[in-house]
Amino acid sequence: MGEYTLKKSEQEELEKLYNIAKEQNNSINFNLVYMTMKLTDENYDDIMKYFLERGISMIQDDVEPDVTAYACEGEKIRPFDPSKIDITMKPLTLDSLLKRIQKGEIEFDSSFQRKAGLWDRKQKSQLIESIFLRIPLPAFYFDASDEDRWLVIDGLQRVTTLKQFVVDKTLKLQEMEFFPELNGCVYDKLPRAFQRRIDETVINVYLVNPSTQDNVKYNIFKRINTGGLALEAQEIRNALFQGKATQFLQNCAGLPCFTEATGGSVKSERMLDREFVLRYVSFCYLDLNQYSGNIDEFLNEGMKYLNRASESELLEIEEEFKRVMLNMYSLMGRNTFRKICYDGRRRPINKVIYESWCYVMKNLPQSDVNSLIRFKDEVQMKYMDLCEKADYLYLLKAPDKKALYLRIDCVMSLVKSVLEKAWNDKED
């Protein structure tokens with residue numbers, strides 16, 4: 001690389017990333033580069049130049065990836081009593097499962113619809129052909145908390161294919177390998193022998209029973225779900241905590257003030273925007289002592305809190321959320337919820353910065369917020385200084401409760417120092 005000042009180890013990693021990018025239509029995700037190269041102000045320009053000169057485009061989500069221990073918290077499961085896991089194995093005929101689909105007793109949550117469409121017509125046809133050939137199907141897993149409405153944990157592509165072929169009758173078979181004569185057939189055109197083979201196929205169904213605790217169920221869902229696209233943590237929460245919480249998060253994620261404050265960077269794909277709203281609710285309305293260092297468990301509690309809330313409480317939370325988003329954007333502008341650095345380059349949104357600033361701003365009276373906005377240049381300059389301090393940067397990477405409190409204290413101390421100046425100026 002000649003003119004570059006990158007270390008040899010960095011150059012070797014860049015070559016690996018370059019080879020990955022070539023396999024991905026000459027593009028690479030910024031998050032992958034961020035996590036691999038440990039980007040800093042010193043090496044950022046050289047690394048970006050490396051890809052630019054080789055015709056590699058950078059895909060950037062503009063939300064700082066969870067490269068810290070915070071990212072791994074979802075993988076850490078607090079020990080629980082194995083006796084709390086209540087799963088029953090139940091052999092069923094496909095006819096029984098199809099009757100549940102026909103009667104609306106299988107949950108096809110709207111948020112999962114795109115997951116249900118991952119298979120193409122050929123893959124769906126081959127599943128049906130496997131049934132014709134009496135090839136055993138993998139086990140199905142359902143959350144059976146509601147006996148009248150099972151929720152698919154694993155097997156959504158298969159259940160959806162069966163629904164489309166047998167119940168909806170919208171799927172036409174194609175590219176069949178053993179029975180090419182059936183290409184173009186819908187269910188009603190099949191010989192009765194083939195219809196009967198579908199009806200009488202026996203499958204193994206595992207039911208997660210109601211006595212299983214929520215957090216245990218969440219981890220079961222996370223471990224079992226092995227579909228073509230693994231579910232994100234918020235997508236699992238959205239499935240397990242259906243009710244007022246899911247609707248509230250969807251509504252708030254669509255508010256213009258949230259989009260403006262986050263610069264449109266927090267996308268709706270994979271429910272990242274709803275996770276951000278939930279983080280606001282959890283850190284601003286739950287007792288912070290409930291936070292154990294496991295972000296998944298804490299956010300699960302946030303979902304339960306919203307589901308228990310009254311309509312008037314939800315309205316109040318939404319109004320406060322709007323107030324905080326509007327105030328934060330007035331205070332920080334294009335750098336809202338981001339590190340602010342001397343080079344002037346806009347950094348990605350950072351989740352823990354978002355949490356701590358939301359907590360502080362939510363608990364400030366509007367009169368104090370107005371004073372801060374009047375002195376916003378000083379607020380931003382002080383926060384820029386804070387973002388240069390190694391101790392604070394370390395706190396942004398630490399997942400434990402102590403670090404959470406210290407992050408909040410850092411922001412609160414900054415705010416108080418500016419407010420003191422505002423008060424002194426007013427007295428003068």
# chains A, B, ... in the order shown; residues from 1 in each chain; ligands from 1
>>> residues_around(residues="Ser9 in chain A", least_positions_apart="4", cutoff="12 Å", atoms="only C-alpha atoms", output="PDB file with all heavy atoms, in the first residue's frame")
ATOM      1  N   THR A   5       0.159   4.375   6.158  1.00  0.00           N
ATOM      2  CA  THR A   5       0.898   4.225   7.409  1.00  0.00           C
ATOM      3  C   THR A   5       0.315   3.104   8.270  1.00  0.00           C
ATOM      4  O   THR A   5       0.579   3.024   9.457  1.00  0.00           O
ATOM      5  CB  THR A   5       0.854   5.539   8.209  1.00  0.00           C
ATOM      6  OG1 THR A   5      -0.515   5.900   8.443  1.00  0.00           O
ATOM      7  CG2 THR A   5       1.538   6.656   7.449  1.00  0.00           C
ATOM      8  N   GLU A  13      -5.451  -7.775   7.503  1.00  0.00           N
ATOM      9  CA  GLU A  13      -6.898  -7.837   7.724  1.00  0.00           C
ATOM     10  C   GLU A  13      -7.653  -7.166   6.584  1.00  0.00           C
ATOM     11  O   GLU A  13      -8.721  -7.630   6.166  1.00  0.00           O
ATOM     12  CB  GLU A  13      -7.259  -7.180   9.064  1.00  0.00           C
ATOM     13  CG  GLU A  13      -6.804  -7.948  10.288  1.00  0.00           C
ATOM     14  CD  GLU A  13      -7.390  -9.349  10.342  1.00  0.00           C
ATOM     15  OE1 GLU A  13      -8.630  -9.480  10.307  1.00  0.00           O
ATOM     16  OE2 GLU A  13      -6.613 -10.317  10.376  1.00  0.00           O
ATOM     17  N   LEU A  14      -7.096  -6.074   6.074  1.00  0.00           N
ATOM     18  CA  LEU A  14      -7.725  -5.381   4.952  1.00  0.00           C
ATOM     19  C   LEU A  14      -7.797  -6.267   3.716  1.00  0.00           C
ATOM     20  O   LEU A  14      -8.790  -6.252   2.981  1.00  0.00           O
ATOM     21  CB  LEU A  14      -6.969  -4.089   4.627  1.00  0.00           C
ATOM     22  CG  LEU A  14      -7.276  -2.884   5.521  1.00  0.00           C
ATOM     23  CD1 LEU A  14      -6.344  -1.730   5.179  1.00  0.00           C
ATOM     24  CD2 LEU A  14      -8.730  -2.455   5.367  1.00  0.00           C
ATOM     25  N   GLU A  15      -6.735  -7.035   3.483  1.00  0.00           N
ATOM     26  CA  GLU A  15      -6.740  -7.946   2.335  1.00  0.00           C
ATOM     27  C   GLU A  15      -7.857  -8.972   2.466  1.00  0.00           C
ATOM     28  O   GLU A  15      -8.540  -9.310   1.492  1.00  0.00           O
ATOM     29  CB  GLU A  15      -5.377  -8.646   2.219  1.00  0.00           C
ATOM     30  CG  GLU A  15      -4.240  -7.738   1.764  1.00  0.00           C
ATOM     31  CD  GLU A  15      -4.475  -7.149   0.380  1.00  0.00           C
ATOM     32  OE1 GLU A  15      -5.024  -7.852  -0.491  1.00  0.00           O
ATOM     33  OE2 GLU A  15      -4.113  -5.976   0.184  1.00  0.00           O
ATOM     34  N   LYS A  16      -8.069  -9.467   3.686  1.00  0.00           N
ATOM     35  CA  LYS A  16      -9.152 -10.433   3.913  1.00  0.00           C
ATOM     36  C   LYS A  16     -10.504  -9.788   3.643  1.00  0.00           C
ATOM     37  O   LYS A  16     -11.383 -10.384   3.012  1.00  0.00           O
ATOM     38  CB  LYS A  16      -9.099 -10.958   5.349  1.00  0.00           C
ATOM     39  CG  LYS A  16      -7.879 -11.816   5.666  1.00  0.00           C
ATOM     40  CD  LYS A  16      -7.868 -12.222   7.133  1.00  0.00           C
ATOM     41  CE  LYS A  16      -6.593 -12.980   7.487  1.00  0.00           C
ATOM     42  NZ  LYS A  16      -6.538 -13.311   8.935  1.00  0.00           N
ATOM     43  N   THR A  36     -13.743  -5.281  12.560  1.00  0.00           N
ATOM     44  CA  THR A  36     -12.500  -5.966  12.226  1.00  0.00           C
ATOM     45  C   THR A  36     -11.284  -5.065  12.443  1.00  0.00           C
ATOM     46  O   THR A  36     -10.267  -5.490  12.994  1.00  0.00           O
ATOM     47  CB  THR A  36     -12.523  -6.440  10.762  1.00  0.00           C
ATOM     48  OG1 THR A  36     -13.660  -7.281  10.562  1.00  0.00           O
ATOM     49  CG2 THR A  36     -11.263  -7.203  10.414  1.00  0.00           C
ATOM     50  N   MET A  37     -11.396  -3.804  12.023  1.00  0.00           N
ATOM     51  CA  MET A  37     -10.230  -2.929  11.985  1.00  0.00           C
ATOM     52  C   MET A  37     -10.077  -2.041  13.215  1.00  0.00           C
ATOM     53  O   MET A  37      -9.067  -1.372  13.370  1.00  0.00           O
ATOM     54  CB  MET A  37     -10.296  -2.029  10.740  1.00  0.00           C
ATOM     55  CG  MET A  37     -10.352  -2.800   9.428  1.00  0.00           C
ATOM     56  SD  MET A  37      -8.976  -3.962   9.206  1.00  0.00           S
ATOM     57  CE  MET A  37      -7.567  -2.889   9.324  1.00  0.00           C
ATOM     58  N   LYS A  38     -11.094  -2.013  14.081  1.00  0.00           N
ATOM     59  CA  LYS A  38     -11.041  -1.140  15.271  1.00  0.00           C
ATOM     60  C   LYS A  38     -10.708   0.289  14.835  1.00  0.00           C
ATOM     61  O   LYS A  38      -9.679   0.871  15.186  1.00  0.00           O
ATOM     62  CB  LYS A  38     -10.005  -1.651  16.274  1.00  0.00           C
ATOM     63  CG  LYS A  38     -10.318  -3.045  16.795  1.00  0.00           C
ATOM     64  CD  LYS A  38      -9.259  -3.550  17.754  1.00  0.00           C
ATOM     65  CE  LYS A  38      -9.575  -4.959  18.224  1.00  0.00           C
ATOM     66  NZ  LYS A  38      -8.544  -5.535  19.110  1.00  0.00           N
TER      67      LYS A  38
END
>>> residues_around(residues="Asn251 in chain A", least_positions_apart="3", cutoff="10 Å", atoms="only C-alpha atoms", output="mmCIF file with C-alpha atoms, in the first residue's frame")
data_model
loop_
_atom_site.group_PDB
_atom_site.id
_atom_site.type_symbol
_atom_site.label_atom_id
_atom_site.label_comp_id
_atom_site.auth_asym_id
_atom_site.auth_seq_id
_atom_site.Cartn_x
_atom_site.Cartn_y
_atom_site.Cartn_z
ATOM 1 C CA ALA A 245 -46.209 -3.013 23.791
ATOM 2 C CA THR A 246 -45.778 -4.057 20.161
ATOM 3 C CA GLN A 247 -48.288 -1.491 18.909
ATOM 4 C CA PHE A 248 -46.801 1.277 21.048
ATOM 5 C CA GLY A 254 -42.821 6.093 13.094
ATOM 6 C CA LEU A 255 -42.923 9.529 14.747
ATOM 7 C CA ARG A 274 -38.532 -0.345 17.749
ATOM 8 C CA VAL A 277 -37.904 3.159 21.406
ATOM 9 C CA GLU A 318 -45.420 8.876 24.104
#
>>> select_by_dssp(residues="range 86-277 of chain A", states="strand (DSSP E)", output="PyMOL selection string")
chain A and resi 87-93+106-107+140-143+150-154+202-208
>>> write_last_selection(atoms="N, CA and C atoms", output="short mmCIF file (atom, residue, chain, number, x, y, z; two decimals), in the first residue's frame")
data_model
loop_
_atom_site.label_atom_id
_atom_site.label_comp_id
_atom_site.auth_asym_id
_atom_site.auth_seq_id
_atom_site.Cartn_x
_atom_site.Cartn_y
_atom_site.Cartn_z
N ILE A 87 -41.42 -28.20 28.01
CA ILE A 87 -41.64 -28.45 26.58
C ILE A 87 -42.19 -29.86 26.39
N THR A 88 -43.25 -29.95 25.63
CA THR A 88 -43.88 -31.24 25.37
C THR A 88 -43.68 -31.62 23.91
N MET A 89 -43.29 -32.87 23.66
CA MET A 89 -43.21 -33.37 22.28
C MET A 89 -44.51 -34.08 21.94
N LYS A 90 -45.08 -33.73 20.80
CA LYS A 90 -46.40 -34.25 20.44
C LYS A 90 -46.40 -34.63 18.95
N PRO A 91 -46.54 -35.92 18.62
CA PRO A 91 -46.68 -36.30 17.21
C PRO A 91 -48.04 -35.84 16.68
N LEU A 92 -48.03 -35.22 15.51
CA LEU A 92 -49.27 -34.76 14.89
C LEU A 92 -49.26 -35.14 13.41
N THR A 93 -50.43 -35.34 12.86
CA THR A 93 -50.50 -35.46 11.40
C THR A 93 -50.55 -34.05 10.81
N ILE A 106 -53.01 -20.76 14.27
CA ILE A 106 -51.56 -20.60 14.18
C ILE A 106 -51.31 -19.12 13.95
N GLU A 107 -50.41 -18.53 14.76
CA GLU A 107 -50.15 -17.09 14.68
C GLU A 107 -49.20 -16.78 13.54
N PHE A 140 -41.07 -29.28 14.35
CA PHE A 140 -41.65 -27.95 14.44
C PHE A 140 -41.69 -27.55 15.91
N TYR A 141 -41.46 -26.26 16.19
CA TYR A 141 -41.54 -25.75 17.55
C TYR A 141 -42.58 -24.63 17.60
N PHE A 142 -43.45 -24.70 18.61
CA PHE A 142 -44.47 -23.67 18.79
C PHE A 142 -44.50 -23.20 20.24
N ASP A 143 -44.78 -21.92 20.42
CA ASP A 143 -45.09 -21.40 21.75
C ASP A 143 -46.58 -21.62 21.96
N TRP A 150 -51.27 -20.90 18.55
CA TRP A 150 -49.86 -21.24 18.67
C TRP A 150 -49.02 -20.25 17.87
N LEU A 151 -47.87 -19.93 18.43
CA LEU A 151 -46.92 -19.05 17.76
C LEU A 151 -45.74 -19.88 17.26
N VAL A 152 -45.39 -19.72 15.99
CA VAL A 152 -44.29 -20.50 15.41
C VAL A 152 -42.96 -19.99 15.95
N ILE A 153 -42.20 -20.91 16.56
CA ILE A 153 -40.84 -20.60 16.99
C ILE A 153 -39.85 -21.02 15.92
N ASP A 154 -39.98 -22.24 15.43
CA ASP A 154 -39.10 -22.72 14.37
C ASP A 154 -39.93 -23.56 13.40
N VAL A 202 -46.88 -37.72 9.36
CA VAL A 202 -46.74 -37.47 10.80
C VAL A 202 -45.51 -36.59 11.04
N ILE A 203 -45.69 -35.55 11.83
CA ILE A 203 -44.58 -34.65 12.16
C ILE A 203 -44.40 -34.62 13.68
N ASN A 204 -43.20 -34.27 14.12
CA ASN A 204 -42.93 -34.08 15.55
C ASN A 204 -43.06 -32.61 15.89
N VAL A 205 -43.96 -32.32 16.82
CA VAL A 205 -44.22 -30.95 17.23
C VAL A 205 -43.80 -30.79 18.69
N TYR A 206 -42.97 -29.77 18.95
CA TYR A 206 -42.56 -29.46 20.32
C TYR A 206 -43.31 -28.20 20.76
N LEU A 207 -44.01 -28.31 21.89
CA LEU A 207 -44.80 -27.21 22.40
C LEU A 207 -44.16 -26.64 23.67
N VAL A 208 -43.84 -25.35 23.63
CA VAL A 208 -43.35 -24.66 24.83
C VAL A 208 -44.58 -24.23 25.61
#
>>> closest_residue(among="A:Ala390, A:Val266, A:Ile349, A:Leu240", to="Glu301 in chain A", atoms="only C-alpha atoms")
A:Leu240
>>> select_by_dssp(residues="range 174-229 of chain A", states="helix (DSSP H, G or I)", output="MDAnalysis selection string")
chainID A and resid 180:182 187:189 192:200 214:224
>>> write_last_selection(atoms="N, CA and C atoms", output="tab-separated table (two decimals), in the first residue's frame")
chain	number	residue	atom	x	y	z
A	180	PRO	N	-42.01	-34.65	-12.16
A	180	PRO	CA	-42.10	-33.46	-13.03
A	180	PRO	C	-43.49	-33.30	-13.65
A	181	GLU	N	-44.23	-34.40	-13.72
A	181	GLU	CA	-45.58	-34.34	-14.30
A	181	GLU	C	-46.50	-33.45	-13.46
A	182	LEU	N	-46.12	-33.22	-12.19
A	182	LEU	CA	-46.98	-32.41	-11.32
A	182	LEU	C	-46.65	-30.92	-11.38
A	187	TYR	N	-53.02	-27.63	-5.28
A	187	TYR	CA	-53.44	-28.74	-4.41
A	187	TYR	C	-54.68	-29.46	-4.96
A	188	ASP	N	-55.67	-28.72	-5.42
A	188	ASP	CA	-56.93	-29.34	-5.85
A	188	ASP	C	-56.76	-30.22	-7.08
A	189	LYS	N	-55.68	-30.01	-7.84
A	189	LYS	CA	-55.48	-30.80	-9.06
A	189	LYS	C	-54.67	-32.06	-8.81
A	192	ARG	N	-55.80	-37.89	-5.60
A	192	ARG	CA	-56.16	-38.04	-4.19
A	192	ARG	C	-55.05	-38.75	-3.40
A	193	ALA	N	-54.31	-39.65	-4.03
A	193	ALA	CA	-53.25	-40.37	-3.33
A	193	ALA	C	-52.18	-39.41	-2.81
A	194	PHE	N	-51.91	-38.36	-3.59
A	194	PHE	CA	-50.91	-37.38	-3.16
A	194	PHE	C	-51.48	-36.45	-2.09
A	195	GLN	N	-52.76	-36.11	-2.22
A	195	GLN	CA	-53.39	-35.29	-1.18
A	195	GLN	C	-53.40	-36.05	0.15
A	196	ARG	N	-53.70	-37.33	0.06
A	196	ARG	CA	-53.77	-38.15	1.28
A	196	ARG	C	-52.39	-38.27	1.92
A	197	ARG	N	-51.36	-38.33	1.09
A	197	ARG	CA	-50.00	-38.44	1.63
A	197	ARG	C	-49.65	-37.20	2.45
A	198	ILE	N	-50.11	-36.04	2.00
A	198	ILE	CA	-49.90	-34.81	2.79
A	198	ILE	C	-50.66	-34.91	4.10
A	199	ASP	N	-51.95	-35.25	4.02
A	199	ASP	CA	-52.80	-35.29	5.22
A	199	ASP	C	-52.27	-36.24	6.27
A	200	GLU	N	-51.73	-37.39	5.84
A	200	GLU	CA	-51.38	-38.45	6.79
A	200	GLU	C	-49.92	-38.41	7.24
A	214	ASP	N	-41.10	-16.16	31.15
A	214	ASP	CA	-40.86	-15.33	29.98
A	214	ASP	C	-39.41	-15.30	29.53
A	215	ASN	N	-38.49	-15.04	30.47
A	215	ASN	CA	-37.08	-14.94	30.08
A	215	ASN	C	-36.52	-16.28	29.66
A	216	VAL	N	-37.01	-17.35	30.29
A	216	VAL	CA	-36.60	-18.70	29.86
A	216	VAL	C	-37.12	-18.95	28.45
A	217	LYS	N	-38.37	-18.57	28.23
A	217	LYS	CA	-38.99	-18.76	26.91
A	217	LYS	C	-38.24	-17.96	25.85
A	218	TYR	N	-37.82	-16.74	26.21
A	218	TYR	CA	-37.07	-15.89	25.28
A	218	TYR	C	-35.80	-16.59	24.84
A	219	ASN	N	-35.08	-17.19	25.80
A	219	ASN	CA	-33.83	-17.85	25.46
A	219	ASN	C	-34.04	-19.14	24.69
A	220	ILE	N	-35.15	-19.84	24.98
A	220	ILE	CA	-35.50	-21.02	24.19
A	220	ILE	C	-35.75	-20.59	22.74
A	221	PHE	N	-36.52	-19.52	22.59
A	221	PHE	CA	-36.84	-19.01	21.25
A	221	PHE	C	-35.56	-18.66	20.51
A	222	LYS	N	-34.64	-17.99	21.20
A	222	LYS	CA	-33.41	-17.53	20.58
A	222	LYS	C	-32.52	-18.70	20.17
A	223	ARG	N	-32.49	-19.74	20.99
A	223	ARG	CA	-31.62	-20.88	20.70
A	223	ARG	C	-32.22	-21.79	19.63
A	224	ILE	N	-33.54	-21.95	19.66
A	224	ILE	CA	-34.18	-22.90	18.76
A	224	ILE	C	-34.33	-22.34	17.36
>>> closest_residue(among="A:Arg338, A:Gln11, A:Pro256, A:Glu316", to="Asp46 in chain A", atoms="only C-alpha atoms")
A:Gln11
>>> residues_around(residues="Leu17 in chain A", least_positions_apart="4", cutoff="9 Å", atoms="only C-alpha atoms", output="JSON list (two decimals) with N, CA and C atoms, in the first residue's frame")
[["chain", "number", "residue", "atom", "x", "y", "z"],
["A", 12, "GLU", "N", -2.99, -6.92, 6.52],
["A", 12, "GLU", "CA", -3.41, -8.31, 6.31],
["A", 12, "GLU", "C", -4.91, -8.46, 6.49],
["A", 13, "GLU", "N", -5.45, -7.77, 7.50],
["A", 13, "GLU", "CA", -6.90, -7.84, 7.72],
["A", 13, "GLU", "C", -7.65, -7.17, 6.58],
["A", 21, "ALA", "N", -15.26, -8.58, 0.10],
["A", 21, "ALA", "CA", -16.01, -7.59, -0.67],
["A", 21, "ALA", "C", -16.14, -8.00, -2.14],
["A", 22, "LYS", "N", -15.07, -8.61, -2.69],
["A", 22, "LYS", "CA", -15.12, -9.04, -4.10],
["A", 22, "LYS", "C", -16.20, -10.10, -4.32],
["A", 28, "ILE", "N", -19.02, -3.79, 0.84],
["A", 28, "ILE", "CA", -18.80, -4.35, 2.17],
["A", 28, "ILE", "C", -19.52, -3.49, 3.20],
["A", 32, "LEU", "N", -18.86, -4.38, 9.48],
["A", 32, "LEU", "CA", -17.86, -5.44, 9.43],
["A", 32, "LEU", "C", -16.45, -4.84, 9.48],
["A", 33, "VAL", "N", -16.26, -3.76, 8.73],
["A", 33, "VAL", "CA", -14.96, -3.08, 8.74],
["A", 33, "VAL", "C", -14.68, -2.50, 10.12],
["A", 36, "THR", "N", -13.74, -5.28, 12.56],
["A", 36, "THR", "CA", -12.50, -5.97, 12.23],
["A", 36, "THR", "C", -11.28, -5.06, 12.44]]
>>> residues_around(residues="Leu171 in chain A", least_positions_apart="3", cutoff="8 Å", atoms="only C-alpha atoms", output="list in words")
Arg121, Thr161, Gln164, Phe165, Asp168 and Val186 of chain A
>>> write_last_selection(atoms="C-alpha atoms", output="PDB file, in the first residue's frame")
ATOM      1  CA  ARG A 121     -41.282 -21.256  -5.333  1.00  0.00           C
ATOM      2  CA  THR A 161     -45.545 -23.258   2.481  1.00  0.00           C
ATOM      3  CA  GLN A 164     -50.056 -21.485   0.737  1.00  0.00           C
ATOM      4  CA  PHE A 165     -50.325 -24.873  -0.969  1.00  0.00           C
ATOM      5  CA  ASP A 168     -54.750 -20.764   0.371  1.00  0.00           C
ATOM      6  CA  VAL A 186     -52.192 -26.656  -7.340  1.00  0.00           C
TER       7      VAL A 186
END
